[in-house]
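Q: To be precise about what I am sending: the file is called final-v5.txt and holds compact mmCIF, N, CA and C atoms.
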```txt
# COMPACT_ATOMS: atom_id res chain seq x y z
N MET A 346 78.46 199.60 141.66
CA MET A 346 79.32 199.51 140.50
C MET A 346 79.41 198.06 140.04
N LYS A 347 79.80 197.93 138.79
CA LYS A 347 80.05 196.61 138.23
C LYS A 347 81.56 196.43 138.08
N PHE A 348 82.01 195.20 138.24
CA PHE A 348 83.42 194.87 138.12
C PHE A 348 83.56 193.65 137.21
N LEU A 349 84.59 193.69 136.35
CA LEU A 349 84.90 192.55 135.50
C LEU A 349 86.34 192.13 135.77
N PRO A 350 86.56 190.89 136.22
CA PRO A 350 87.91 190.45 136.54
C PRO A 350 88.64 189.88 135.32
N ASP A 351 89.93 190.14 135.26
CA ASP A 351 90.81 189.52 134.29
C ASP A 351 90.88 188.03 134.65
N GLN A 352 91.41 187.23 133.73
CA GLN A 352 91.55 185.79 133.99
C GLN A 352 92.44 185.51 135.19
N ASN A 353 93.36 186.42 135.50
CA ASN A 353 94.30 186.18 136.59
C ASN A 353 93.77 186.64 137.95
N PHE A 354 92.56 187.15 138.00
CA PHE A 354 92.00 187.68 139.24
C PHE A 354 91.05 186.64 139.85
N PRO A 355 91.14 186.39 141.16
CA PRO A 355 90.30 185.35 141.78
C PRO A 355 88.80 185.64 141.64
N ARG A 356 88.08 184.66 141.14
CA ARG A 356 86.61 184.79 141.03
C ARG A 356 85.96 184.79 142.41
N SER A 357 86.71 184.39 143.41
CA SER A 357 86.18 184.39 144.78
C SER A 357 86.01 185.80 145.32
N CYS A 358 86.24 186.81 144.48
CA CYS A 358 86.02 188.20 144.90
C CYS A 358 84.54 188.56 144.89
N ALA A 359 83.70 187.73 144.29
CA ALA A 359 82.28 188.05 144.17
C ALA A 359 81.60 188.35 145.50
N PRO A 360 81.77 187.53 146.55
CA PRO A 360 81.11 187.85 147.83
C PRO A 360 81.61 189.18 148.43
N LEU A 361 82.88 189.48 148.27
CA LEU A 361 83.42 190.75 148.77
C LEU A 361 82.80 191.92 148.03
N LEU A 362 82.69 191.82 146.73
CA LEU A 362 82.05 192.88 145.95
C LEU A 362 80.60 193.06 146.38
N GLN A 363 79.89 191.95 146.59
CA GLN A 363 78.50 192.02 147.04
C GLN A 363 78.39 192.68 148.41
N GLU A 364 79.34 192.39 149.28
CA GLU A 364 79.36 193.00 150.62
C GLU A 364 79.37 194.53 150.53
N PHE A 365 80.03 195.06 149.51
CA PHE A 365 80.11 196.50 149.31
C PHE A 365 79.01 197.02 148.39
N GLY A 366 78.08 196.16 148.00
CA GLY A 366 76.95 196.57 147.16
C GLY A 366 77.26 196.60 145.68
N HIS A 367 78.31 195.91 145.25
CA HIS A 367 78.71 195.88 143.85
C HIS A 367 78.39 194.52 143.23
N THR A 368 78.52 194.44 141.91
CA THR A 368 78.27 193.18 141.22
C THR A 368 79.48 192.78 140.38
N LEU A 369 79.58 191.49 140.15
CA LEU A 369 80.66 190.93 139.36
C LEU A 369 80.09 190.55 138.00
N CYS A 370 80.64 191.13 136.94
CA CYS A 370 80.31 190.74 135.58
C CYS A 370 81.30 189.66 135.20
N ASP A 371 80.84 188.65 134.54
CA ASP A 371 81.78 187.62 134.13
C ASP A 371 81.74 187.52 132.62
N CYS A 372 82.89 187.29 132.06
CA CYS A 372 83.04 187.16 130.63
C CYS A 372 83.23 185.68 130.32
N GLN A 373 82.47 185.17 129.39
CA GLN A 373 82.59 183.75 129.06
C GLN A 373 83.82 183.51 128.20
N PHE A 374 84.70 182.63 128.66
CA PHE A 374 85.90 182.30 127.92
C PHE A 374 86.36 180.91 128.29
N ASP A 375 87.20 180.35 127.46
CA ASP A 375 87.80 179.05 127.72
C ASP A 375 89.09 179.28 128.48
N PRO A 376 89.18 178.88 129.75
CA PRO A 376 90.38 179.17 130.55
C PRO A 376 91.65 178.54 130.00
N LYS A 377 91.53 177.56 129.13
CA LYS A 377 92.71 176.92 128.55
C LYS A 377 93.34 177.77 127.45
N THR A 378 92.54 178.59 126.79
CA THR A 378 93.06 179.34 125.65
C THR A 378 93.56 180.72 126.03
N GLY A 379 93.03 181.29 127.07
CA GLY A 379 93.43 182.64 127.44
C GLY A 379 92.77 183.67 126.55
N LEU A 380 92.83 184.90 126.99
CA LEU A 380 92.22 186.00 126.23
C LEU A 380 93.22 187.12 126.06
N ASP A 381 93.05 187.85 125.01
CA ASP A 381 93.86 189.03 124.78
C ASP A 381 93.48 190.09 125.81
N ASP A 382 94.48 190.70 126.44
CA ASP A 382 94.23 191.71 127.48
C ASP A 382 93.38 192.86 126.95
N ASP A 383 93.69 193.35 125.77
CA ASP A 383 92.93 194.49 125.22
C ASP A 383 91.47 194.12 125.00
N TRP A 384 91.23 192.90 124.51
CA TRP A 384 89.87 192.47 124.26
C TRP A 384 89.08 192.43 125.57
N LEU A 385 89.69 191.87 126.60
CA LEU A 385 89.01 191.74 127.88
C LEU A 385 88.75 193.12 128.50
N PHE A 386 89.72 194.03 128.37
CA PHE A 386 89.51 195.39 128.87
C PHE A 386 88.35 196.05 128.12
N GLN A 387 88.28 195.85 126.82
CA GLN A 387 87.17 196.42 126.03
C GLN A 387 85.83 195.83 126.45
N GLU A 388 85.82 194.54 126.80
CA GLU A 388 84.58 193.93 127.29
C GLU A 388 84.13 194.60 128.59
N ALA A 389 85.07 194.92 129.46
CA ALA A 389 84.73 195.63 130.70
C ALA A 389 84.13 196.99 130.37
N GLN A 390 84.69 197.68 129.38
CA GLN A 390 84.17 198.99 129.02
C GLN A 390 82.76 198.88 128.46
N LYS A 391 82.52 197.88 127.61
CA LYS A 391 81.17 197.66 127.05
C LYS A 391 80.16 197.38 128.15
N ALA A 392 80.59 196.66 129.18
CA ALA A 392 79.71 196.31 130.29
C ALA A 392 79.57 197.45 131.31
N GLY A 393 80.36 198.53 131.13
CA GLY A 393 80.34 199.62 132.10
C GLY A 393 80.93 199.18 133.43
N ALA A 394 81.97 198.34 133.35
CA ALA A 394 82.54 197.73 134.55
C ALA A 394 83.98 198.17 134.79
N VAL A 395 84.33 198.27 136.06
CA VAL A 395 85.71 198.50 136.48
C VAL A 395 86.47 197.20 136.22
N PHE A 396 87.66 197.30 135.65
CA PHE A 396 88.46 196.13 135.31
C PHE A 396 89.37 195.77 136.48
N LEU A 397 89.35 194.51 136.90
CA LEU A 397 90.20 194.00 137.98
C LEU A 397 91.29 193.11 137.39
N THR A 398 92.55 193.34 137.78
CA THR A 398 93.63 192.55 137.23
C THR A 398 94.82 192.52 138.19
N THR A 399 95.73 191.58 137.93
CA THR A 399 97.00 191.57 138.65
C THR A 399 98.14 191.95 137.70
N ASP A 400 97.81 192.35 136.50
CA ASP A 400 98.79 192.69 135.47
C ASP A 400 99.15 194.17 135.55
N LYS A 401 100.35 194.46 136.04
CA LYS A 401 100.81 195.84 136.26
C LYS A 401 100.85 196.68 134.98
N ASP A 402 100.95 196.04 133.83
CA ASP A 402 101.01 196.79 132.57
C ASP A 402 99.80 197.71 132.39
N PHE A 403 98.66 197.32 132.94
CA PHE A 403 97.47 198.15 132.80
C PHE A 403 97.64 199.51 133.49
N PHE A 404 98.41 199.55 134.57
CA PHE A 404 98.64 200.81 135.26
C PHE A 404 99.36 201.80 134.36
N HIS A 405 100.27 201.29 133.55
CA HIS A 405 101.06 202.15 132.68
C HIS A 405 100.38 202.45 131.35
N SER A 406 99.62 201.52 130.83
CA SER A 406 99.07 201.70 129.49
C SER A 406 97.70 202.36 129.44
N VAL A 407 96.80 202.02 130.33
CA VAL A 407 95.43 202.52 130.23
C VAL A 407 95.35 204.05 130.28
N PRO A 408 96.03 204.73 131.20
CA PRO A 408 95.89 206.19 131.24
C PRO A 408 96.32 206.89 129.94
N TRP A 409 97.21 206.27 129.19
CA TRP A 409 97.70 206.90 127.96
C TRP A 409 96.95 206.46 126.73
N ARG A 410 96.33 205.30 126.79
CA ARG A 410 95.61 204.78 125.62
C ARG A 410 94.13 205.15 125.63
N TYR A 411 93.59 205.44 126.81
CA TYR A 411 92.15 205.69 126.93
C TYR A 411 91.92 206.95 127.76
N ALA A 412 91.40 207.99 127.13
CA ALA A 412 91.11 209.22 127.87
C ALA A 412 89.95 209.00 128.84
N ARG A 413 89.02 208.16 128.45
CA ARG A 413 87.87 207.86 129.30
C ARG A 413 87.70 206.35 129.40
N HIS A 414 87.48 205.90 130.62
CA HIS A 414 87.26 204.47 130.86
C HIS A 414 86.57 204.32 132.21
N GLU A 415 86.08 203.13 132.48
CA GLU A 415 85.33 202.88 133.71
C GLU A 415 86.22 202.76 134.94
N GLY A 416 87.51 202.56 134.73
CA GLY A 416 88.45 202.43 135.84
C GLY A 416 89.10 201.07 135.88
N VAL A 417 90.26 201.01 136.52
CA VAL A 417 91.02 199.77 136.62
C VAL A 417 91.59 199.68 138.03
N ILE A 418 91.50 198.49 138.61
CA ILE A 418 92.18 198.20 139.87
C ILE A 418 93.19 197.10 139.59
N VAL A 419 94.46 197.41 139.83
CA VAL A 419 95.55 196.45 139.63
C VAL A 419 96.08 196.06 141.00
N VAL A 420 96.07 194.78 141.31
CA VAL A 420 96.68 194.28 142.54
C VAL A 420 97.93 193.51 142.11
N ASN A 421 99.08 194.11 142.35
CA ASN A 421 100.34 193.53 141.89
C ASN A 421 101.26 193.34 143.10
N LEU A 422 101.34 192.10 143.57
CA LEU A 422 102.09 191.77 144.78
C LEU A 422 103.30 190.90 144.44
N ALA A 423 104.32 190.94 145.28
CA ALA A 423 105.53 190.15 145.04
C ALA A 423 105.24 188.65 145.04
N LYS A 424 104.49 188.19 146.03
CA LYS A 424 104.13 186.78 146.14
C LYS A 424 102.62 186.68 146.38
N PRO A 425 101.85 186.89 145.32
CA PRO A 425 100.40 186.96 145.51
C PRO A 425 99.76 185.61 145.81
N ASN A 426 98.73 185.68 146.60
CA ASN A 426 97.83 184.54 146.78
C ASN A 426 96.43 185.11 146.89
N ARG A 427 95.45 184.23 146.81
CA ARG A 427 94.06 184.67 146.78
C ARG A 427 93.71 185.53 147.99
N ILE A 428 94.13 185.16 149.16
CA ILE A 428 93.80 185.90 150.38
C ILE A 428 94.38 187.31 150.34
N GLN A 429 95.64 187.43 149.96
CA GLN A 429 96.28 188.76 149.89
C GLN A 429 95.63 189.64 148.82
N ILE A 430 95.29 189.05 147.69
CA ILE A 430 94.64 189.82 146.63
C ILE A 430 93.30 190.35 147.12
N LEU A 431 92.54 189.50 147.80
CA LEU A 431 91.23 189.93 148.30
C LEU A 431 91.37 190.97 149.41
N GLU A 432 92.40 190.88 150.24
CA GLU A 432 92.64 191.91 151.26
C GLU A 432 92.92 193.26 150.60
N LYS A 433 93.71 193.26 149.54
CA LYS A 433 93.98 194.52 148.82
C LYS A 433 92.72 195.03 148.14
N LEU A 434 91.92 194.13 147.60
CA LEU A 434 90.67 194.56 146.98
C LEU A 434 89.75 195.18 148.02
N ARG A 435 89.69 194.60 149.20
CA ARG A 435 88.87 195.19 150.28
C ARG A 435 89.34 196.62 150.57
N TRP A 436 90.65 196.82 150.65
CA TRP A 436 91.19 198.16 150.88
C TRP A 436 90.75 199.10 149.76
N ALA A 437 90.85 198.62 148.51
CA ALA A 437 90.47 199.44 147.36
C ALA A 437 88.99 199.81 147.41
N LEU A 438 88.14 198.87 147.77
CA LEU A 438 86.71 199.16 147.84
C LEU A 438 86.41 200.20 148.92
N ASP A 439 87.12 200.13 150.04
CA ASP A 439 86.99 201.17 151.07
C ASP A 439 87.44 202.53 150.50
N PHE A 440 88.56 202.53 149.81
CA PHE A 440 89.11 203.74 149.21
C PHE A 440 88.11 204.36 148.22
N LEU A 441 87.42 203.51 147.47
CA LEU A 441 86.50 204.00 146.45
C LEU A 441 85.22 204.59 147.02
N THR A 442 84.98 204.41 148.31
CA THR A 442 83.78 205.02 148.88
C THR A 442 83.90 206.54 148.91
N SER A 443 85.13 207.07 148.86
CA SER A 443 85.31 208.52 148.87
C SER A 443 86.19 209.03 147.74
N ASN A 444 86.56 208.17 146.79
CA ASN A 444 87.40 208.56 145.66
C ASN A 444 86.84 207.94 144.39
N PRO A 445 86.83 208.70 143.29
CA PRO A 445 86.30 208.13 142.04
C PRO A 445 87.27 207.12 141.43
N ILE A 446 86.72 206.17 140.69
CA ILE A 446 87.56 205.24 139.95
C ILE A 446 87.45 205.49 138.45
N GLN A 447 86.35 206.07 138.02
CA GLN A 447 86.19 206.32 136.58
C GLN A 447 87.33 207.20 136.08
N ASN A 448 87.97 206.77 134.99
CA ASN A 448 89.12 207.44 134.37
C ASN A 448 90.38 207.40 135.24
N HIS A 449 90.41 206.51 136.22
CA HIS A 449 91.56 206.34 137.10
C HIS A 449 92.04 204.89 137.06
N VAL A 450 93.30 204.70 137.39
CA VAL A 450 93.86 203.37 137.58
C VAL A 450 94.48 203.35 138.97
N LEU A 451 94.08 202.37 139.75
CA LEU A 451 94.57 202.21 141.11
C LEU A 451 95.49 201.00 141.13
N LEU A 452 96.75 201.22 141.52
CA LEU A 452 97.73 200.14 141.61
C LEU A 452 98.04 199.89 143.07
N LEU A 453 97.78 198.67 143.52
CA LEU A 453 98.06 198.27 144.90
C LEU A 453 99.22 197.30 144.91
N ARG A 454 100.30 197.71 145.57
CA ARG A 454 101.50 196.88 145.70
C ARG A 454 101.58 196.41 147.15
N ASP A 455 102.63 195.70 147.49
CA ASP A 455 102.78 195.20 148.85
C ASP A 455 102.77 196.33 149.88
N GLN A 456 103.57 197.36 149.66
CA GLN A 456 103.70 198.46 150.63
C GLN A 456 103.37 199.82 150.03
N ARG A 457 102.73 199.84 148.88
CA ARG A 457 102.54 201.10 148.18
C ARG A 457 101.23 201.10 147.40
N VAL A 458 100.65 202.29 147.28
CA VAL A 458 99.45 202.47 146.47
C VAL A 458 99.70 203.65 145.54
N LEU A 459 99.40 203.45 144.26
CA LEU A 459 99.50 204.53 143.28
C LEU A 459 98.14 204.72 142.64
N TYR A 460 97.80 205.97 142.39
CA TYR A 460 96.48 206.33 141.87
C TYR A 460 96.74 207.26 140.69
N SER A 461 96.47 206.79 139.49
CA SER A 461 96.81 207.60 138.33
C SER A 461 95.57 208.10 137.61
N GLN A 462 95.73 209.22 136.97
CA GLN A 462 94.69 209.78 136.13
C GLN A 462 95.36 210.57 135.02
N ARG A 463 94.96 210.31 133.82
CA ARG A 463 95.42 211.11 132.70
C ARG A 463 94.55 212.35 132.63
N SER A 464 95.17 213.46 132.41
CA SER A 464 94.41 214.69 132.27
C SER A 464 93.51 214.59 131.05
N LEU A 465 92.24 214.85 131.21
CA LEU A 465 91.31 214.78 130.10
C LEU A 465 91.45 215.95 129.16
N ASP A 466 92.27 216.94 129.53
CA ASP A 466 92.52 218.09 128.67
C ASP A 466 93.56 217.78 127.59
N GLU A 467 94.29 216.67 127.75
CA GLU A 467 95.36 216.36 126.79
C GLU A 467 94.80 215.86 125.49
```
Would you mind writing the file out in structure tokens?

A:
Amino acid sequence: MKFLPDQNFPRSCAPLLQEFGHTLCDCQFDPKTGLDDDWLFQEAQKAGAVFLTTDKDFFHSVPWRYARHEGVIVVNLAKPNRIQILEKLRWALDFLTSNPIQNHVLLLRDQRVLYSQRSLDE
């Protein structure tokens, strides 16, 4: 699978993704200006990539705004740091070996995991 990280997601996730046989797509942007969340999510969809973010809003908005998408992994921790985010990503990659991510949003919190899917019949 391909993954595209939001600006708030550590780029140091690339070796972990490679360990699981995945690739990191990178979007060219000026880190000083920031990017619109919707635009970056659309770039992930164009690239056929799962979107990685720490922004919890994606868990609530993507299932209702997009009937079909490549998937989203949200790591939203109380006091995040790069090591904790990557530990949660490792857990998510293990989880994805037996669960689909396409059309799903996976939210990883400190002590909780939520897995959402909008019914495609709606």

Q: Based on DSSP run over this structure's backbone, return all residues of chain A in strand (DSSP E or B), as a ChimeraX atom specification.

A: /A:347-350,368-369,394-398,417-420,449-453,458-462

Q: Show which residues sit within 6 Å of Gly416 in chain A, as a list of chain:residue names. Count all atoms listed in the file, and ignore same-chain residues fewer than 2 positions away.

A: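 Residues near the query, excluding close chain neighbours: A:Ala394, A:Val395, A:Phe396, A:His414, A:Ile418, A:Ile446, A:Gln447, A:Asn448, A:His449, A:Val450.
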
Q: I need the residues in range 349-466 of chain A that are alpha helix (DSSP H) according to DSSP; give them as JSON, numbers by chain.

A: {"A": [359, 360, 361, 362, 363, 364, 382, 383, 384, 385, 386, 387, 388, 389, 390, 391, 392, 402, 403, 404, 405, 406, 407, 408, 409, 410, 427, 428, 429, 430, 431, 432, 433, 434, 435, 436, 437, 438, 439, 440]}

Q: Would you list the contacts of Val420 in chain A as a list in words, taking every protein, DNA or RNA residue within 6.5 Å and counting all atoms listed in the file, but skipping same-chain residues closer than 3 positions in sequence?

A: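 Contacts, with the query itself left out: Leu397, Thr398, Thr399, Asp400, Ile430, Leu451, Leu452, Leu453 and Arg454 of chain A.
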
Q: Just want the 8 Å neighbourhood of Leu361 in chain A, counted on all atoms listed in the file, with same-chain residues fewer than 6 positions away dropped. Output as a list in words.

A: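 Answer for this query is His367, Thr368, Leu431, Leu434 and Arg435 of chain A.
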
Q: Choose the residue, out of A:Asp439, A:Glu432, A:Asp455, A:Glu415, that has the smallest atom-to-atom separation from Ala389 in chain A; count only N, CA and C atoms.

A: A:Glu415

Q: Report, in Å with one decimal, the straight-line distance from CA of Asp382 in chain A to atom C of Gln456 in chain A.

A: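 Here the two named atoms are 25.6 Å from each other.
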
Q: Could you tell me how far CA of Ala437 in chain A sits from CA of Val458 in chain A, in Å to one decimal place?

A: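 For CA of Val458 in chain A relative to CA of Ala437 in chain A, the distance reads 9.5 Å.
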
Q: So how many Å separate CA of Ser406 in chain A and atom C of Lys424 in chain A, to one decimal?

A: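 Rounded to one decimal, the two atoms are 22.9 Å apart.
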
Q: Just checking: using only C-alpha atoms, which residue out of A:Pro445, A:Glu388, A:Leu459, A:Val407 ends up closest to Asn421 in chain A?

A: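 Once distances to Asn421 in chain A are computed over only C-alpha atoms, the minimum belongs to A:Leu459.
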
Q: So for range 379-397 of chain A, what box centre and size do we get, axis-aligned, 3 Å extra on each of the six sides, every listed atom, Å to one decimal, as lines of an AutoDock Vina configuration file?

A:
```
center_x = 87.0
center_y = 190.5
center_z = 131.1
size_x = 20.9
size_y = 24.3
size_z = 19.7
```

Q: Give the answer as one residue: which of A:Leu385, A:Leu369, A:Phe403, A:Arg410 has the shortest atom-to-atom distance to Ser357 in chain A, using only C-alpha atoms?

A: A:Leu369

Q: Smallest atom-to-atom distance to Pro350 in chain A: which of A:Val419, A:Phe404, A:Phe440, A:Gln363, using only C-alpha atoms?

A: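 With only C-alpha atoms as the atom set, the closest residue is A:Val419.
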